[in-house]
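Asks: Quick one, my_file_23.tsv (TSV, C-alpha atoms and all ligand atoms):
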chain	number	residue	atom	x	y	z
A	291	MET	CA	-55.14	9.02	11.68
A	292	ALA	CA	-54.35	6.46	9.00
A	293	THR	CA	-54.38	2.73	9.66
A	294	ILE	CA	-51.39	1.10	7.99
A	295	GLY	CA	-51.42	-2.66	7.47
A	296	ILE	CA	-48.03	-4.31	7.03
A	297	PHE	CA	-47.32	-7.93	6.28
A	298	ASP	CA	-44.39	-10.27	5.75
A	299	SER	CA	-43.70	-13.99	5.93
A	300	GLY	CA	-42.31	-13.33	9.42
A	301	CYS	CA	-40.67	-10.59	11.41
A	302	GLY	CA	-38.59	-9.22	8.49
A	303	GLY	CA	-41.20	-6.58	7.72
A	304	LEU	CA	-40.35	-4.96	11.03
A	305	SER	CA	-37.28	-3.55	9.23
A	306	VAL	CA	-39.79	-1.62	7.10
A	307	TYR	CA	-42.02	-0.79	10.08
A	308	ARG	CA	-39.08	0.86	11.85
A	309	GLU	CA	-38.65	3.21	8.85
A	310	LEU	CA	-42.41	3.79	8.54
A	311	ILE	CA	-42.70	5.07	12.10
A	312	LYS	CA	-39.97	7.63	11.37
A	313	VAL	CA	-42.02	9.31	8.64
A	314	LEU	CA	-45.45	8.42	10.06
A	315	PRO	CA	-45.04	8.62	13.84
A	316	LYS	CA	-48.69	9.20	14.68
A	317	GLU	CA	-50.58	6.46	12.87
A	318	ARG	CA	-52.17	3.17	13.78
A	319	PHE	CA	-50.07	0.19	12.63
A	320	LEU	CA	-51.28	-3.38	12.16
A	321	TYR	CA	-48.44	-5.84	11.62
A	322	TYR	CA	-49.07	-9.38	10.38
A	323	SER	CA	-46.33	-12.01	10.50
A	324	ASP	CA	-47.25	-15.10	8.48
A	325	ASN	CA	-44.71	-17.17	10.35
A	326	ALA	CA	-46.83	-20.34	10.29
A	327	HIS	CA	-46.01	-20.35	6.54
A	328	CYS	CA	-42.49	-18.91	6.68
A	329	PRO	CA	-40.20	-18.90	4.72
A	330	TYR	CA	-41.87	-17.77	1.49
A	331	GLY	CA	-38.57	-17.83	-0.44
A	332	GLU	CA	-38.98	-21.27	-2.01
A	333	LYS	CA	-42.81	-21.44	-2.13
A	334	THR	CA	-44.74	-21.19	-5.39
A	335	ALA	CA	-46.12	-17.83	-6.49
A	336	ALA	CA	-49.66	-19.26	-6.39
A	337	TYR	CA	-49.23	-20.29	-2.75
A	338	ILE	CA	-47.92	-16.85	-1.77
A	339	ARG	CA	-50.73	-15.11	-3.66
A	340	GLN	CA	-53.26	-17.14	-1.69
A	341	ARG	CA	-51.62	-16.22	1.62
A	342	ALA	CA	-51.50	-12.56	0.52
A	343	ARG	CA	-55.27	-12.57	-0.12
A	344	VAL	CA	-56.05	-14.09	3.28
A	345	ILE	CA	-53.81	-11.59	5.08
A	346	THR	CA	-55.13	-8.64	3.06
A	347	ASP	CA	-58.70	-9.60	4.01
A	348	GLU	CA	-57.71	-9.75	7.67
A	349	LEU	CA	-55.92	-6.38	7.61
A	350	LEU	CA	-58.84	-4.74	5.79
A	351	ALA	CA	-61.31	-6.23	8.28
A	352	LYS	CA	-59.27	-4.57	11.04
A	353	GLY	CA	-59.55	-1.22	9.28
A	354	ALA	CA	-56.37	-0.86	7.19
A	355	ASP	CA	-56.44	2.15	4.81
A	356	ILE	CA	-53.26	1.10	3.02
A	357	ILE	CA	-51.25	-2.12	2.87
A	358	VAL	CA	-47.47	-2.27	2.82
A	359	VAL	CA	-46.30	-5.59	1.43
A	360	ALA	CA	-43.12	-5.55	3.53
A	361	CYS	CA	-41.74	-8.63	1.84
A	362	ASN	CA	-39.85	-8.71	-1.45
A	363	THR	CA	-40.92	-12.27	-2.18
A	364	ALA	CA	-44.62	-11.53	-1.64
A	365	THR	CA	-44.30	-8.34	-3.68
A	366	ALA	CA	-42.80	-10.34	-6.54
A	367	ALA	CA	-45.48	-13.02	-6.39
A	368	ALA	CA	-48.60	-11.15	-5.44
A	369	ILE	CA	-48.66	-7.37	-5.71
A	370	GLY	CA	-50.05	-7.31	-9.26
A	371	THR	CA	-52.84	-9.68	-8.27
A	372	LEU	CA	-53.63	-7.72	-5.09
A	373	ARG	CA	-53.88	-4.45	-7.03
A	374	GLU	CA	-56.22	-6.12	-9.54
A	375	GLU	CA	-58.41	-7.83	-6.98
A	376	TYR	CA	-58.62	-4.92	-4.50
A	377	PRO	CA	-58.74	-1.90	-6.83
A	378	ALA	CA	-59.84	0.51	-4.08
A	379	VAL	CA	-56.95	-0.35	-1.76
A	380	PRO	CA	-53.54	1.34	-2.08
A	381	PHE	CA	-50.66	-1.18	-1.88
A	382	VAL	CA	-46.97	-0.38	-1.45
A	383	GLY	CA	-44.45	-3.06	-2.38
A	384	MET	CA	-40.74	-3.68	-1.97
A	385	GLU	CA	-38.24	-3.17	-4.75
A	386	PRO	CA	-34.59	-4.23	-4.50
A	387	ALA	CA	-32.56	-1.02	-4.63
A	388	VAL	CA	-30.69	-1.86	-7.84
A	389	LYS	CA	-30.90	1.70	-9.18
A	390	PRO	CA	-29.01	3.55	-6.41
A	391	ALA	CA	-26.47	0.72	-6.33
A	392	ALA	CA	-25.94	0.83	-10.10
A	393	LEU	CA	-25.64	4.63	-10.09
A	394	GLY	CA	-23.16	4.67	-7.22
A	395	THR	CA	-20.81	1.77	-7.90
A	396	GLN	CA	-17.12	2.55	-8.40
A	397	THR	CA	-16.08	-1.01	-9.24
A	398	GLY	CA	-18.87	-1.51	-11.78
A	399	VAL	CA	-20.10	-4.55	-9.87
A	400	ILE	CA	-23.14	-4.65	-7.58
A	401	GLY	CA	-24.31	-7.55	-5.44
A	402	VAL	CA	-27.90	-8.44	-4.72
A	403	LEU	CA	-28.92	-10.66	-1.81
A	404	ALA	CA	-32.54	-11.88	-1.99
A	405	THR	CA	-34.70	-14.99	-1.87
A	406	ALA	CA	-35.03	-17.35	-4.85
A	407	GLY	CA	-38.61	-16.16	-5.35
A	408	THR	CA	-37.57	-12.52	-5.62
A	409	LEU	CA	-34.65	-13.21	-7.95
A	410	LYS	CA	-36.82	-15.06	-10.47
A	411	GLY	CA	-39.75	-12.62	-10.29
A	412	SER	CA	-40.50	-10.49	-13.36
A	413	LYS	CA	-40.34	-7.28	-11.31
A	414	TYR	CA	-36.74	-7.89	-10.36
A	415	LEU	CA	-35.79	-9.21	-13.80
A	416	ASN	CA	-37.19	-6.05	-15.42
A	417	THR	CA	-35.26	-3.80	-13.03
A	418	ARG	CA	-32.14	-5.85	-13.60
A	419	GLY	CA	-32.60	-5.52	-17.36
A	420	LEU	CA	-32.48	-1.72	-17.08
A	421	TYR	CA	-28.98	-1.70	-15.58
A	422	GLU	CA	-27.17	-4.83	-16.67
A	423	ASP	CA	-25.68	-3.23	-19.77
A	424	ASP	CA	-23.92	-0.65	-17.60
A	425	VAL	CA	-22.91	-2.62	-14.52
A	426	ARG	CA	-22.30	-6.23	-13.64
A	427	ILE	CA	-25.01	-7.52	-11.31
A	428	VAL	CA	-24.16	-10.57	-9.23
A	429	GLU	CA	-26.81	-12.29	-7.13
A	430	HIS	CA	-26.95	-14.73	-4.29
A	431	VAL	CA	-29.76	-16.16	-2.19
A	432	GLY	CA	-29.19	-15.30	1.46
A	433	GLN	CA	-29.21	-18.98	2.32
A	434	GLY	CA	-30.44	-19.48	5.88
A	435	PHE	CA	-30.69	-15.74	6.64
A	436	VAL	CA	-34.48	-15.76	7.18
A	437	GLU	CA	-34.21	-18.72	9.55
A	438	LEU	CA	-31.49	-16.95	11.56
A	439	VAL	CA	-33.59	-13.82	11.98
A	440	GLU	CA	-36.72	-15.77	12.90
A	441	ALA	CA	-34.66	-17.60	15.52
A	442	GLY	CA	-33.32	-14.27	16.87
A	443	LYS	CA	-29.73	-15.23	16.00
A	444	LEU	CA	-28.64	-11.84	14.74
A	445	ASP	CA	-24.97	-12.20	15.63
A	446	GLY	CA	-22.47	-14.80	16.83
A	447	PRO	CA	-20.55	-17.59	15.09
A	448	GLU	CA	-23.57	-19.19	13.37
A	449	ALA	CA	-24.79	-15.86	11.97
A	450	GLU	CA	-21.25	-15.02	10.89
A	451	SER	CA	-20.64	-18.27	8.99
A	452	THR	CA	-24.11	-18.34	7.42
A	453	VAL	CA	-23.82	-14.75	6.19
A	454	ARG	CA	-20.27	-15.26	4.96
A	455	ALA	CA	-21.25	-18.25	2.81
A	456	SER	CA	-23.69	-16.17	0.72
A	457	LEU	CA	-21.91	-12.81	0.86
A	458	GLN	CA	-18.36	-13.89	0.02
A	459	PRO	CA	-19.13	-14.79	-3.64
A	460	LEU	CA	-20.45	-11.25	-4.17
A	461	LEU	CA	-17.37	-9.72	-2.55
A	462	ASP	CA	-15.10	-12.01	-4.54
A	463	ALA	CA	-16.79	-10.77	-7.72
A	464	GLY	CA	-15.77	-7.22	-6.77
A	465	ALA	CA	-19.12	-5.81	-5.61
A	466	ASP	CA	-18.80	-2.50	-3.74
A	467	LYS	CA	-22.59	-2.15	-3.23
A	468	ILE	CA	-24.68	-4.85	-1.61
A	469	VAL	CA	-28.42	-4.53	-2.11
A	470	LEU	CA	-30.58	-6.13	0.58
A	471	GLY	CA	-33.47	-7.63	-1.41
A	472	CYS	CA	-35.27	-9.29	1.49
A	473	THR	CA	-36.75	-7.49	4.47
A	474	HIS	CA	-35.29	-9.98	6.95
A	475	TYR	CA	-31.72	-9.19	5.91
A	476	PRO	CA	-31.41	-5.69	7.46
A	477	PHE	CA	-31.47	-7.36	10.88
A	478	LEU	CA	-28.19	-9.01	9.88
A	479	ARG	CA	-26.73	-5.76	8.60
A	480	PRO	CA	-24.08	-5.40	11.35
A	481	VAL	CA	-22.73	-8.86	10.47
A	482	ILE	CA	-22.95	-8.15	6.73
A	483	GLU	CA	-21.08	-4.85	7.17
A	484	ARG	CA	-18.43	-6.40	9.36
A	485	ILE	CA	-17.69	-9.11	6.79
A	486	ALA	CA	-17.90	-6.76	3.80
A	487	GLY	CA	-15.63	-4.11	5.32
A	488	PRO	CA	-15.74	-0.32	5.09
A	489	SER	CA	-15.24	-0.06	1.32
A	490	VAL	CA	-18.59	-1.76	0.64
A	491	GLN	CA	-21.91	0.02	1.05
A	492	VAL	CA	-24.99	-1.93	2.11
A	493	ILE	CA	-28.28	-0.59	0.71
A	494	ASP	CA	-31.72	-1.20	2.23
A	495	PRO	CA	-34.75	0.10	0.29
A	496	ALA	CA	-36.94	0.43	3.42
A	497	PRO	CA	-36.53	4.22	3.87
A	498	ALA	CA	-37.66	4.78	0.26
A	499	VAL	CA	-40.64	2.46	0.80
A	500	ALA	CA	-41.62	4.44	3.90
A	501	ARG	CA	-41.48	7.73	1.95
A	502	GLN	CA	-43.57	6.18	-0.84
A	503	THR	CA	-46.19	5.10	1.76
A	504	LEU	CA	-46.46	8.68	3.03
A	505	ARG	CA	-46.76	9.99	-0.56
A	506	LEU	CA	-49.53	7.53	-1.38
A	507	LEU	CA	-51.50	8.40	1.77
A	508	GLN	CA	-51.28	12.09	0.91
A	509	GLU	CA	-52.25	11.44	-2.71
A	510	ARG	CA	-55.36	9.59	-1.53
A	511	SER	CA	-56.14	12.36	0.99
A	512	ILE	CA	-56.03	9.90	3.89
A	513	PRO	CA	-55.42	12.11	6.92
A	514	VAL	CA	-52.09	11.57	8.70
A	515	GLY	CA	-50.26	13.10	11.64
A	516	GLN	CA	-53.18	13.37	14.00
A	517	GLY	CA	-52.45	10.42	16.30
A	518	PRO	CA	-52.63	8.61	18.52
A	519	PHE	CA	-49.83	6.20	17.57
A	520	SER	CA	-50.54	2.53	18.16
A	521	VAL	CA	-49.22	-0.80	16.95
A	522	GLU	CA	-50.83	-4.23	16.99
A	523	LEU	CA	-48.77	-7.37	16.34
A	524	ASN	CA	-50.50	-10.37	14.77
A	525	SER	CA	-49.02	-13.66	13.65
A	526	SER	CA	-50.33	-16.86	12.12
A	527	GLY	CA	-47.91	-18.94	14.23
A	528	ASP	CA	-45.98	-18.69	17.50
A	529	PRO	CA	-45.78	-14.95	18.32
A	530	SER	CA	-42.51	-15.16	20.29
A	531	ALA	CA	-40.21	-14.57	17.26
A	532	LEU	CA	-42.09	-11.43	16.35
A	533	ARG	CA	-42.08	-10.13	19.92
A	534	ARG	CA	-38.35	-10.80	20.26
A	535	ILE	CA	-37.42	-8.74	17.18
A	536	PHE	CA	-40.00	-6.09	18.05
A	537	ALA	CA	-38.40	-5.68	21.47
A	538	LEU	CA	-35.09	-4.86	19.73
A	539	LEU	CA	-36.54	-1.91	17.82
B	601	LIG	N1	-38.90	-11.14	4.24
B	601	LIG	C1	-39.22	-11.71	3.01
B	601	LIG	C2	-38.68	-11.06	1.80
B	601	LIG	O1	-38.52	-9.90	1.79
B	601	LIG	C3	-39.51	-13.16	2.96
B	601	LIG	C4	-38.40	-14.10	3.16
B	601	LIG	C5	-38.90	-15.51	3.17
B	601	LIG	O2	-39.92	-15.77	3.83
B	601	LIG	O3	-38.28	-16.35	2.54
B	601	LIG	O4	-38.41	-11.64	0.82
Take the structure in the file and write it out as C-alpha cells.
Ligand code: DGL

Replies:
Amino acid sequence: MATIGIFDSGCGGLSVYRELIKVLPKERFLYYSDNAHCPYGEKTAAYIRQRARVITDELLAKGADIIVVACNTATAAAIGTLREEYPAVPFVGMEPAVKPAALGTQTGVIGVLATAGTLKGSKYLNTRGLYEDDVRIVEHVGQGFVELVEAGKLDGPEAESTVRASLQPLLDAGADKIVLGCTHYPFLRPVIERIAGPSVQVIDPAPAVARQTLRLLQERSIPVGQGPFSVELNSSGDPSALRRIFALL
C-alpha cells in the first residue's frame, strides 16, 4: 500500500483526490488543507514555498511516499524548490490543460481560468508560449471562486454572478474550450457549464494528474493495489470547510 500525501491551500485539492481514488482505490491518503493561509492566489512565491516546505515535512512525517501538489498556484511557486530540497521524494504537480484545449479548439480561441499566481508563473508562461502562435489564449482570474468553494457556495445566485463576471470575457472572446487552472474551480463546474452552454467544453487536468501519480508510483516500484484504503483529513485552520466538501464527494 502506498501512502499518498496531497496538499492545497484549501479544499480545492479534493477535486484531484476524487480522481486519484479512481485510479488508486486501495491506498492510504493524507490530505492537507492549508486553509489558515488560504487563498494562495495573491501571495508571494516565497511565502507559498515556505508553506509548501512545512506541509511537505508534515506529510513525510506521517509516512507519505509521494506528494501530489494539488494546487496550481503552489505548483507554480514551489514545485521546483521542493524537488531540489527533497530529492528522494516524488512530487506530482498541476499543469493547466492548455495542450488538449489548443489541439481541440474549433474557434481557435481557448480560455484559461486560474489564479494570478498561476498565470504569472514561468511554468504556465512556458506552456502558453508553445501554443500561442497557433491559437489565441485568453486568460482570466477566477475572481472570488476560491472563496465561494471554501464557503461551500457551489451554486445559487452568488455563485452564478461571481462565475459569470470572470467567465463572460472568455466567452465573449470566442473561447470554445475553458481550461480550469485552479483545483478549486472544478467544484463550480456545473455553474461554469451552465453559463458557457453546450458548445463550450470545460477541461480539468485532474484525471491526467491522477494517471501521472500512478505512473510515478509504478516507476519507483512503490507497491500499490494491496489496500486497505484509508483517508485522513488535516487542515491548518477550521476543518469544517474541508469536511463539507469532502461530504459531497
Ligand atoms: N486551489 C489552488 C490552485 O489550484 C489555490 C487557490 C488559492 O488558494 O488561491 O491554484

Asks: Report, in Å to a single decimal, how far apart atom CA of A:Leu420 and atom CA of A:Val469 are.

Replies: 15.8 Å

Asks: Counting only C-alpha atoms and all ligand atoms, name the residues that have an atom within 6 Å of an atom of ligand LIG 601 (chain B); the answer should be given as a ChimeraX atom specification.

Replies: /A:298-299,302,328-331,361-363,405,436,472-474

Asks: What's the separation between atom CA of A:Pro380 and atom CA of A:Val439, in Å to one decimal place?

Replies: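 If I compute the distance from atom CA of A:Pro380 to atom CA of A:Val439, I get 28.7 Å.
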
Asks: What's the 12 Å shell around A:Val344, counting all atoms listed in the file, without same-chain residues fewer than 2 positions away, as a list in words?

Replies: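 Contacts, with the query itself left out: Phe297, Tyr322, Asp324, Tyr337, Ile338, Arg339, Gln340, Arg341, Ala342, Thr346, Asp347, Glu348, Leu349, Leu350, Ala351, Ala368, Leu372 and Ser526 of chain A.
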
Asks: In terms of the shortest atom-to-atom distance over only C-alpha atoms, which of A:Gly401, A:Gly411, A:Gly446, A:Pro386 is closest to A:Val425?

Replies: A:Gly401

Asks: Just checking: using all atoms listed in the file, which residue out of A:Pro476, A:Pro315, A:Pro495, A:Pro447 ends up closest to A:Val521?

Replies: A:Pro315

Asks: Quick one: pull the distance between atom CA of A:Ala326 and atom CA of A:Glu522, Å, one decimal.

Replies: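 Taking atom CA of A:Ala326 and atom CA of A:Glu522, their separation equals 17.9 Å.
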
Asks: Which centre and which edge lengths, in Å to one decimal, describe the axis-aligned box that holds all listed atoms of stretch 329-337 of chain A after 3 Å is added on each side, as lines of an AutoDock Vina configuration file?

Replies:
center_x = -44.1
center_y = -19.6
center_z = -0.9
size_x = 17.1
size_y = 9.7
size_z = 17.2

Asks: Do you know which residues are at most 6 Å from A:Ala367 counting all atoms listed in the file, after dropping those on the same chain fewer than 2 positions away, and could you put them as a list of chain:residue names?

Replies: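 My list of contacting residues is A:Ala335, A:Ala364, A:Thr365.
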